[in-house]
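Here the structure comes first, spelled out in structure tokens, and everything after it is commentary.
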Protein chains: 2
Amino acid sequence: MQSLRERASVMAPEDGVAEEAEIAEVDKKLISNIVIVIAMQTEALPLVHRFQLTEDPDSVFPKGVPWVRYHGIYKDLHINLIWPGKDPVWGVDSVGTVTASLVTFAAIQALKPDLVINAGTSRGFQAKGACIGDVFLASDVAFHERRIPVPVFDEYGIGARQTFSTPNLLQKLNMKTGKLSTGDSLDMSPQDEALIIANDATVKDMEAAAVAYAADLFSVPAIFVKAVTDLVDGDKPTAEEFLQNLVAVTATLDQAVTNIVDFISGKCLSEL
Amino acid sequence: MQSLRERASVMAPEDGVAEEAEIAEVDKKLISNIVIVIAMQTEALPLVHRFQLTEDPDSVFPKGVPWVRYHGIYKDLHINLIWPGKDPVWGVDSVGTVTASLVTFAAIQALKPDLVINAGTSRGFQAKGACIGDVFLASDVAFHERRIPVPVFDEYGIGARQTFSTPNLLQKLNMKTGKLSTGDSLDMSPQDEALIIANDATVKDMEAAAVAYAADLFSVPAIFVKAVTDLVDGDKPTAEEFLQNLVAVTATLDQAVTNIVDFISGKCLSEL
């Protein structure tokens with residue numbers, strides 16, 4: 001994702017001065033309003049309890065959508081945790097890129113956050129140094145299931161973006177970082193694998209690049225916190241390993257998100 | 001997509017009477033406001049000229065998004081043609097499911113249409129009777145790139161939905177119909193092919209199932225008009241055949257959309 005600072009550097013010179021002043025202003029403002037997007041209820045509920053959030057009875061979202069907003073004040077931060085809810089037809093968590101982009105879009109439109117945090121479980125690559133239970137802060141996101149072999153459309157399909165840079169947060173919390181690749185499948189086809197390798201990814205998930213795309217439409221900075229439930233290049237079948245580790249790894253994820261929110265409290269974007 | 005009538009039939013009896021009356025009311029109201037979602041500028045512009053639409057200078061969409069709304073009155077219908085615009089980073093048409101779902105969601109939220117029409121080019125299966133230049137009205141839509149091998153999540157991933165039923169339109173315009181499968185790739189991996197076959201698809205595109213998902217969130221009926229630019233099981237490479245036929249097939253698509261809009265004019269939903 002292009003940061004506000006990076007955007008300023010590519011602007012026309014005549015616009016530059018006023019915009020740089022505006023950016024400096026944004027950078028100095030304390031972060032007060034956060035949107036946390038979490039795809040699965042199992043991942044979301046421990047954080048709802050941790051931050052003592054309450055469900056919004058008068059949803060900020062359009063009538064009829066299953067999306068749930070939990071909100072509250074924690075350490076002077078307005079926290080909005082958005083869970084896309086259960087699918088109205090199939091009754092399972094509304095995972096994947098379409099719903100992730102929709103809730104991110106609608107939440108930013110309604111709540112105008114200073115920062116978006118997408119948190120969730122992911123699959124890791126042992127060969128790139130990932131272990132089960134690791135929590136990564138993604139340096140870059142990209143798609144691996146949008147193959148459009150036409151010049152320039154191919155790059156659009158991959159949609160690689162840098163995430164919002166948080167060097168102090170990374171150092172202070174001693175977090176792992178790596179590239180993240182997103183696709184709508186839990187499994188991995190040979191075509192997916194080739195693109196994931198081309199994306200140089202250490203972890204893969206099912207939402208991040210879509211959250212990044214929607215946040216970038218509004219130029220809202222976004223960060224991506226992903227805990228590893230299973231290894232793509234390990235020796236156990238995906239679904240089995242995923243379900244086996246989901247609860248324990250979710251506890252690790254929730255602790256990491258709490259540490260991040262604690263770190264953010266009282267800081268401005270440029271201090272992250 | 002579940003129609004309003006189908007929804008009524010699965011409701012609790014105590015809600016049924018009032019809701020049925022409401023549905024009868026909706027069905028009898030003349031269609032006055034249409035949203036047409038088209039992913040590519042090449043597909044959109046001939047219809048902008050045909051319906052004499054003008055670009056909305058004060059976009060109904062959030063500031064910063066590249067989405068374009070063309071609008072105007074044609075045969076007593078308010079027509080809103082939404083084109084997602086050029087990607088801000090790569091400068092190509094914003095194709096695919098993420099953007100398609102976002103613009104459909106935002107357009108329905110802002111414009112409250114009676115009907116959504118998703119029109120575009122597609123790839124056909126010769127073995128299922130598709131020929132280059134054919135225009136299909138999709139009977140069903142589903143995804144073929146969302147493989148989640150966990151019970152029930154697998155069905156959510158496929159996300160099969162019936163589209164809004166338009167038997168009179170089909171008969172009067174003598175249109176072909178068939179199932180449509182959606183994925184974010186222009187090419188087709190063996191895994192995609194297996195799911196496309198399982199979806200019993202005659203045509204494949206890159207947006208429809210996502211448009212259907214977003215429209216269904218608001219219970220707005222949606223139809224899908226897809227013209228075949230190239231054959232998946234033909235003997236030419238996809239990208240080459242696609243680019244070669246794009247302009248000619250787009251003219252056929254535009255004529256079909258015009259015929260559909262002409263047919264819709266002066267009718268209510270239950271007459272389609």
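Chain labels run A, B, ... following the order of the structure tokens; each chain numbers its residues from 1, and ligands are numbered from 1 in the order shown.
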Sort by chain and increasing residue number a table of all residues of chain A within 9 Å of chain B, each with its closest pair of atoms and their distance in Å to one decimal, counting only C-alpha atoms, and write it as a Markdown table.
| residue | atom | partner | partner_atom | distance |
| --- | --- | --- | --- | --- |
| A:Pro62 | CA | B:Gln109 | CA | 7.6 |
| A:Lys63 | CA | B:Phe218 | CA | 7.7 |
| A:Gly64 | CA | B:Phe218 | CA | 6.3 |
| A:Val65 | CA | B:Leu217 | CA | 5.6 |
| A:Pro66 | CA | B:Leu217 | CA | 8.4 |
| A:Asp87 | CA | B:Tyr156 | CA | 7.7 |
| A:Pro88 | CA | B:Leu217 | CA | 8.5 |
| A:Val89 | CA | B:Tyr156 | CA | 8.0 |
| A:Trp90 | CA | B:Tyr156 | CA | 5.9 |
| A:Gly91 | CA | B:Val152 | CA | 8.2 |
| A:Val92 | CA | B:Phe153 | CA | 6.4 |
| A:Asp93 | CA | B:Phe153 | CA | 8.1 |
| A:Ser94 | CA | B:Tyr156 | CA | 8.1 |
| A:Val95 | CA | B:Gly157 | CA | 8.5 |
| A:Gly96 | CA | B:Arg146 | CA | 8.1 |
| A:Thr97 | CA | B:Val98 | CA | 6.6 |
| A:Val98 | CA | B:Val98 | CA | 5.1 |
| A:Thr99 | CA | B:Val98 | CA | 8.4 |
| A:Ala100 | CA | B:Val98 | CA | 8.9 |
| A:Ser101 | CA | B:Val98 | CA | 6.5 |
| A:Leu102 | CA | B:Leu102 | CA | 5.9 |
| A:Phe105 | CA | B:Leu102 | CA | 7.6 |
| A:Ala106 | CA | B:Ala106 | CA | 8.6 |
| A:Gln109 | CA | B:Pro62 | CA | 7.6 |
| A:Glu145 | CA | B:Asp184 | CA | 6.7 |
| A:Arg146 | CA | B:Ser185 | CA | 4.6 |
| A:Arg147 | CA | B:Ser185 | CA | 4.4 |
| A:Ile148 | CA | B:Leu186 | CA | 5.0 |
| A:Pro149 | CA | B:Ala239 | CA | 6.9 |
| A:Val150 | CA | B:Ala239 | CA | 6.5 |
| A:Val152 | CA | B:Trp90 | CA | 6.8 |
| A:Phe153 | CA | B:Val92 | CA | 6.4 |
| A:Glu155 | CA | B:Trp90 | CA | 7.4 |
| A:Tyr156 | CA | B:Trp90 | CA | 5.9 |
| A:Gly157 | CA | B:Asp184 | CA | 7.9 |
| A:Gly159 | CA | B:Trp90 | CA | 8.6 |
| A:Gly183 | CA | B:Arg146 | CA | 8.0 |
| A:Asp184 | CA | B:Arg146 | CA | 4.7 |
| A:Ser185 | CA | B:Arg147 | CA | 4.4 |
| A:Leu186 | CA | B:Ile148 | CA | 5.0 |
| A:Asp187 | CA | B:Arg147 | CA | 6.7 |
| A:Met188 | CA | B:Arg147 | CA | 8.8 |
| A:Ser189 | CA | B:Gln191 | CA | 7.0 |
| A:Pro190 | CA | B:Ser189 | CA | 8.7 |
| A:Gln191 | CA | B:Ser189 | CA | 7.0 |
| A:Ala210 | CA | B:Val98 | CA | 6.9 |
| A:Tyr213 | CA | B:Val98 | CA | 8.7 |
| A:Ala214 | CA | B:Leu102 | CA | 8.6 |
| A:Leu217 | CA | B:Val65 | CA | 5.6 |
| A:Phe218 | CA | B:Gly64 | CA | 6.3 |
| A:Ser219 | CA | B:Gly64 | CA | 8.3 |
| A:Thr238 | CA | B:Pro149 | CA | 9.0 |
| A:Ala239 | CA | B:Val150 | CA | 6.5 |
Please provide the set of residues having any atom within 12 Å of region 166-178 of chain A, restricted to only C-alpha atoms, with same-chain residues fewer than 2 positions apart removed, written as a PyMOL selection string. chain A and resi 3+115+124-125+128-131+133-142+162-164+180-181+199-204+221-228+253+255-265+267-272
Please dump the current selection as a PDB file, in the first residue's frame; keep C-alpha atoms.
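Below is the file that was written, selection.pdb:
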ATOM      1  CA  SER A   3       1.563   5.516   2.258  1.00  0.00           C
ATOM      2  CA  LEU A 115      -6.049   2.884  10.703  1.00  0.00           C
ATOM      3  CA  GLY A 124       2.732 -20.516   6.486  1.00  0.00           C
ATOM      4  CA  PHE A 125       5.665 -21.720   4.417  1.00  0.00           C
ATOM      5  CA  LYS A 128      10.439 -19.323   4.262  1.00  0.00           C
ATOM      6  CA  GLY A 129      10.857 -19.652   8.040  1.00  0.00           C
ATOM      7  CA  ALA A 130       7.244 -19.853   9.220  1.00  0.00           C
ATOM      8  CA  CYS A 131       6.307 -22.094  12.179  1.00  0.00           C
ATOM      9  CA  GLY A 133       1.882 -20.289  16.079  1.00  0.00           C
ATOM     10  CA  ASP A 134       4.091 -17.573  14.544  1.00  0.00           C
ATOM     11  CA  VAL A 135       2.443 -14.182  14.143  1.00  0.00           C
ATOM     12  CA  PHE A 136       3.514 -12.140  11.119  1.00  0.00           C
ATOM     13  CA  LEU A 137       3.033  -8.473  10.340  1.00  0.00           C
ATOM     14  CA  ALA A 138       2.876  -8.429   6.543  1.00  0.00           C
ATOM     15  CA  SER A 139       5.297  -6.149   4.709  1.00  0.00           C
ATOM     16  CA  ASP A 140       3.505  -6.640   1.372  1.00  0.00           C
ATOM     17  CA  VAL A 141       0.273  -8.175   0.125  1.00  0.00           C
ATOM     18  CA  ALA A 142      -0.645  -9.588  -3.288  1.00  0.00           C
ATOM     19  CA  GLN A 162       3.331  -2.493   0.283  1.00  0.00           C
ATOM     20  CA  THR A 163       1.473  -2.272   3.562  1.00  0.00           C
ATOM     21  CA  PHE A 164       1.685   0.729   5.878  1.00  0.00           C
ATOM     22  CA  LEU A 180       1.574 -12.259   2.368  1.00  0.00           C
ATOM     23  CA  SER A 181      -0.321 -13.721  -0.580  1.00  0.00           C
ATOM     24  CA  ASN A 199       4.956 -13.232  -4.810  1.00  0.00           C
ATOM     25  CA  ASP A 200       7.794 -14.333  -2.469  1.00  0.00           C
ATOM     26  CA  ALA A 201       5.204 -15.040   0.227  1.00  0.00           C
ATOM     27  CA  THR A 202       5.931 -16.400   3.694  1.00  0.00           C
ATOM     28  CA  VAL A 203       2.244 -16.655   4.605  1.00  0.00           C
ATOM     29  CA  LYS A 204      -0.992 -17.052   2.635  1.00  0.00           C
ATOM     30  CA  PRO A 221      -3.338   3.015   6.145  1.00  0.00           C
ATOM     31  CA  ALA A 222      -3.772  -0.699   6.818  1.00  0.00           C
ATOM     32  CA  ILE A 223      -1.693  -3.339   8.595  1.00  0.00           C
ATOM     33  CA  PHE A 224      -2.041  -7.115   8.491  1.00  0.00           C
ATOM     34  CA  VAL A 225      -1.525  -9.403  11.485  1.00  0.00           C
ATOM     35  CA  LYS A 226      -1.543 -13.073  10.558  1.00  0.00           C
ATOM     36  CA  ALA A 227      -1.004 -16.088  12.815  1.00  0.00           C
ATOM     37  CA  VAL A 228       0.072 -19.398  11.273  1.00  0.00           C
ATOM     38  CA  LEU A 253      -3.231 -14.014  17.483  1.00  0.00           C
ATOM     39  CA  GLN A 255      -2.449 -11.589  22.277  1.00  0.00           C
ATOM     40  CA  ALA A 256      -0.515 -10.135  19.330  1.00  0.00           C
ATOM     41  CA  VAL A 257      -3.419  -7.862  18.331  1.00  0.00           C
ATOM     42  CA  THR A 258      -3.735  -6.706  21.946  1.00  0.00           C
ATOM     43  CA  ASN A 259      -0.008  -5.913  22.071  1.00  0.00           C
ATOM     44  CA  ILE A 260      -0.322  -3.958  18.830  1.00  0.00           C
ATOM     45  CA  VAL A 261      -3.326  -1.980  20.054  1.00  0.00           C
ATOM     46  CA  ASP A 262      -1.524  -1.274  23.352  1.00  0.00           C
ATOM     47  CA  PHE A 263       1.460  -0.010  21.345  1.00  0.00           C
ATOM     48  CA  ILE A 264      -0.739   2.170  19.112  1.00  0.00           C
ATOM     49  CA  SER A 265      -2.518   3.820  22.043  1.00  0.00           C
ATOM     50  CA  LYS A 267       0.741   7.428  19.317  1.00  0.00           C
ATOM     51  CA  CYS A 268       0.348   9.057  15.907  1.00  0.00           C
ATOM     52  CA  LEU A 269       0.767   7.224  12.589  1.00  0.00           C
ATOM     53  CA  SER A 270       4.344   8.427  12.083  1.00  0.00           C
ATOM     54  CA  GLU A 271       5.382   6.883  15.400  1.00  0.00           C
ATOM     55  CA  LEU A 272       4.329   3.360  14.413  1.00  0.00           C
TER      56      LEU A 272
END
Give the strand (DSSP E or B) residues of region 27-169 of chain B, as DSSP finds them on the backbone, and put them as a PyMOL selection string. chain B and resi 30+33-37+54-55+68-74+77-83+86+93+115-124+135-143+161-162
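Note that CA of Leu77 (chain B) and CA of Ser32 (chain B) are 4.9 Å apart.
For the set B:Ile117, B:Asp76, B:Ala208, B:Thr250, the residue with the smallest atom-to-atom gap to Ala44 (chain B) is B:Thr250, counting only C-alpha atoms.
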Pick out each residue of region 8-226 of chain A that DSSP on the backbone tags as alpha helix (DSSP H); I need them as number ranges by chain. A: 8-9, 13-28, 41-50, 97-111, 153-158, 167-173, 190-198, 208-217
For those residues, write C-alpha atoms to a file as a JSON list (two decimals), in the first residue's frame.
[["chain", "number", "residue", "atom", "x", "y", "z"],
["A", 8, "ALA", "CA", 3.13, 13.10, -1.53],
["A", 9, "SER", "CA", 6.49, 12.29, -3.09],
["A", 13, "PRO", "CA", 5.24, 20.10, -7.37],
["A", 14, "GLU", "CA", 2.56, 22.81, -7.28],
["A", 15, "ASP", "CA", 0.31, 20.64, -5.09],
["A", 16, "GLY", "CA", 3.17, 19.43, -2.97],
["A", 17, "VAL", "CA", 3.53, 22.12, -0.31],
["A", 18, "ALA", "CA", -0.08, 22.26, 0.90],
["A", 19, "GLU", "CA", -0.40, 18.49, 0.73],
["A", 20, "GLU", "CA", 2.83, 17.91, 2.64],
["A", 21, "ALA", "CA", 1.58, 20.22, 5.37],
["A", 22, "GLU", "CA", -1.67, 18.24, 5.47],
["A", 23, "ILE", "CA", 0.24, 14.97, 5.66],
["A", 24, "ALA", "CA", 2.44, 16.27, 8.45],
["A", 25, "GLU", "CA", -0.77, 17.23, 10.26],
["A", 26, "VAL", "CA", -2.26, 13.73, 9.76],
["A", 27, "ASP", "CA", 0.99, 12.12, 10.91],
["A", 28, "LYS", "CA", 1.03, 14.17, 14.11],
["A", 41, "GLN", "CA", -16.09, -15.56, 14.67],
["A", 42, "THR", "CA", -13.62, -17.87, 16.47],
["A", 43, "GLU", "CA", -10.90, -15.31, 15.81],
["A", 44, "ALA", "CA", -13.08, -12.30, 16.66],
["A", 45, "LEU", "CA", -14.85, -13.18, 19.92],
["A", 46, "PRO", "CA", -11.80, -13.40, 22.23],
["A", 47, "LEU", "CA", -10.86, -9.86, 21.16],
["A", 48, "VAL", "CA", -14.43, -8.66, 21.72],
["A", 49, "HIS", "CA", -14.08, -9.87, 25.31],
["A", 50, "ARG", "CA", -10.51, -8.64, 25.71],
["A", 97, "THR", "CA", -11.91, -11.55, -0.70],
["A", 98, "VAL", "CA", -15.36, -10.39, -1.82],
["A", 99, "THR", "CA", -16.80, -10.03, 1.67],
["A", 100, "ALA", "CA", -13.52, -8.73, 3.11],
["A", 101, "SER", "CA", -13.41, -5.92, 0.56],
["A", 102, "LEU", "CA", -17.09, -5.10, 1.10],
["A", 103, "VAL", "CA", -16.90, -4.83, 4.89],
["A", 104, "THR", "CA", -13.66, -2.85, 4.74],
["A", 105, "PHE", "CA", -15.19, -0.45, 2.23],
["A", 106, "ALA", "CA", -18.43, -0.03, 4.18],
["A", 107, "ALA", "CA", -16.64, 0.30, 7.54],
["A", 108, "ILE", "CA", -14.25, 2.98, 6.27],
["A", 109, "GLN", "CA", -17.14, 4.84, 4.63],
["A", 110, "ALA", "CA", -19.23, 4.78, 7.82],
["A", 111, "LEU", "CA", -16.57, 5.06, 10.52],
["A", 153, "PHE", "CA", -3.66, -6.71, -16.56],
["A", 154, "ASP", "CA", -1.32, -9.44, -15.27],
["A", 155, "GLU", "CA", 0.19, -6.98, -12.77],
["A", 156, "TYR", "CA", -3.22, -5.56, -11.86],
["A", 157, "GLY", "CA", -4.38, -9.12, -11.15],
["A", 158, "ILE", "CA", -1.49, -9.78, -8.80],
["A", 167, "PRO", "CA", 9.18, -0.05, 11.88],
["A", 168, "ASN", "CA", 8.87, 0.95, 15.56],
["A", 169, "LEU", "CA", 5.99, -1.41, 16.20],
["A", 170, "LEU", "CA", 7.91, -4.28, 14.56],
["A", 171, "GLN", "CA", 11.02, -3.62, 16.60],
["A", 172, "LYS", "CA", 9.31, -2.97, 19.93],
["A", 173, "LEU", "CA", 7.07, -6.05, 19.74],
["A", 190, "PRO", "CA", 0.06, -25.85, -8.69],
["A", 191, "GLN", "CA", -0.89, -22.53, -10.40],
["A", 192, "ASP", "CA", -1.46, -20.92, -7.00],
["A", 193, "GLU", "CA", 1.87, -22.28, -5.76],
["A", 194, "ALA", "CA", 3.75, -20.80, -8.74],
["A", 195, "LEU", "CA", 2.24, -17.36, -8.11],
["A", 196, "ILE", "CA", 2.73, -17.56, -4.34],
["A", 197, "ILE", "CA", 6.42, -18.31, -4.98],
["A", 198, "ALA", "CA", 6.55, -15.43, -7.50],
["A", 208, "ALA", "CA", -5.62, -9.42, 3.16],
["A", 209, "ALA", "CA", -5.02, -8.20, -0.41],
["A", 210, "ALA", "CA", -8.73, -7.41, -0.75],
["A", 211, "VAL", "CA", -8.75, -5.47, 2.55],
["A", 212, "ALA", "CA", -5.65, -3.59, 1.31],
["A", 213, "TYR", "CA", -7.35, -2.78, -1.99],
["A", 214, "ALA", "CA", -10.46, -1.37, -0.29],
["A", 215, "ALA", "CA", -8.43, 0.61, 2.28],
["A", 216, "ASP", "CA", -6.23, 2.02, -0.47],
["A", 217, "LEU", "CA", -9.31, 3.34, -2.31]]
Show me, as a PyMOL selection string, the residues that have an atom within 6 Å of region 70-72 of chain A when counting only C-alpha atoms, minus same-chain residues fewer than 6 positions from it. chain A and resi 53-56+78-81
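Taking CA of Asp114 (chain A) as the reference point, CA of Phe61 (chain B) is found at 20.1 Å.
Closest approach to Ile38 (chain A) among A:Thr252, A:Gly120, A:Gly85, A:Lys75: A:Gly120, based on only C-alpha atoms.
Here CA of Val37 (chain B) is placed at a distance of 18.6 Å from CA of Asp58 (chain B).
Between Asp230 (chain A) and the candidates A:Val247, A:Ile132, A:Ala160, A:Ala119, the tightest atom-to-atom separation, counting only C-alpha atoms, involves A:Ile132.
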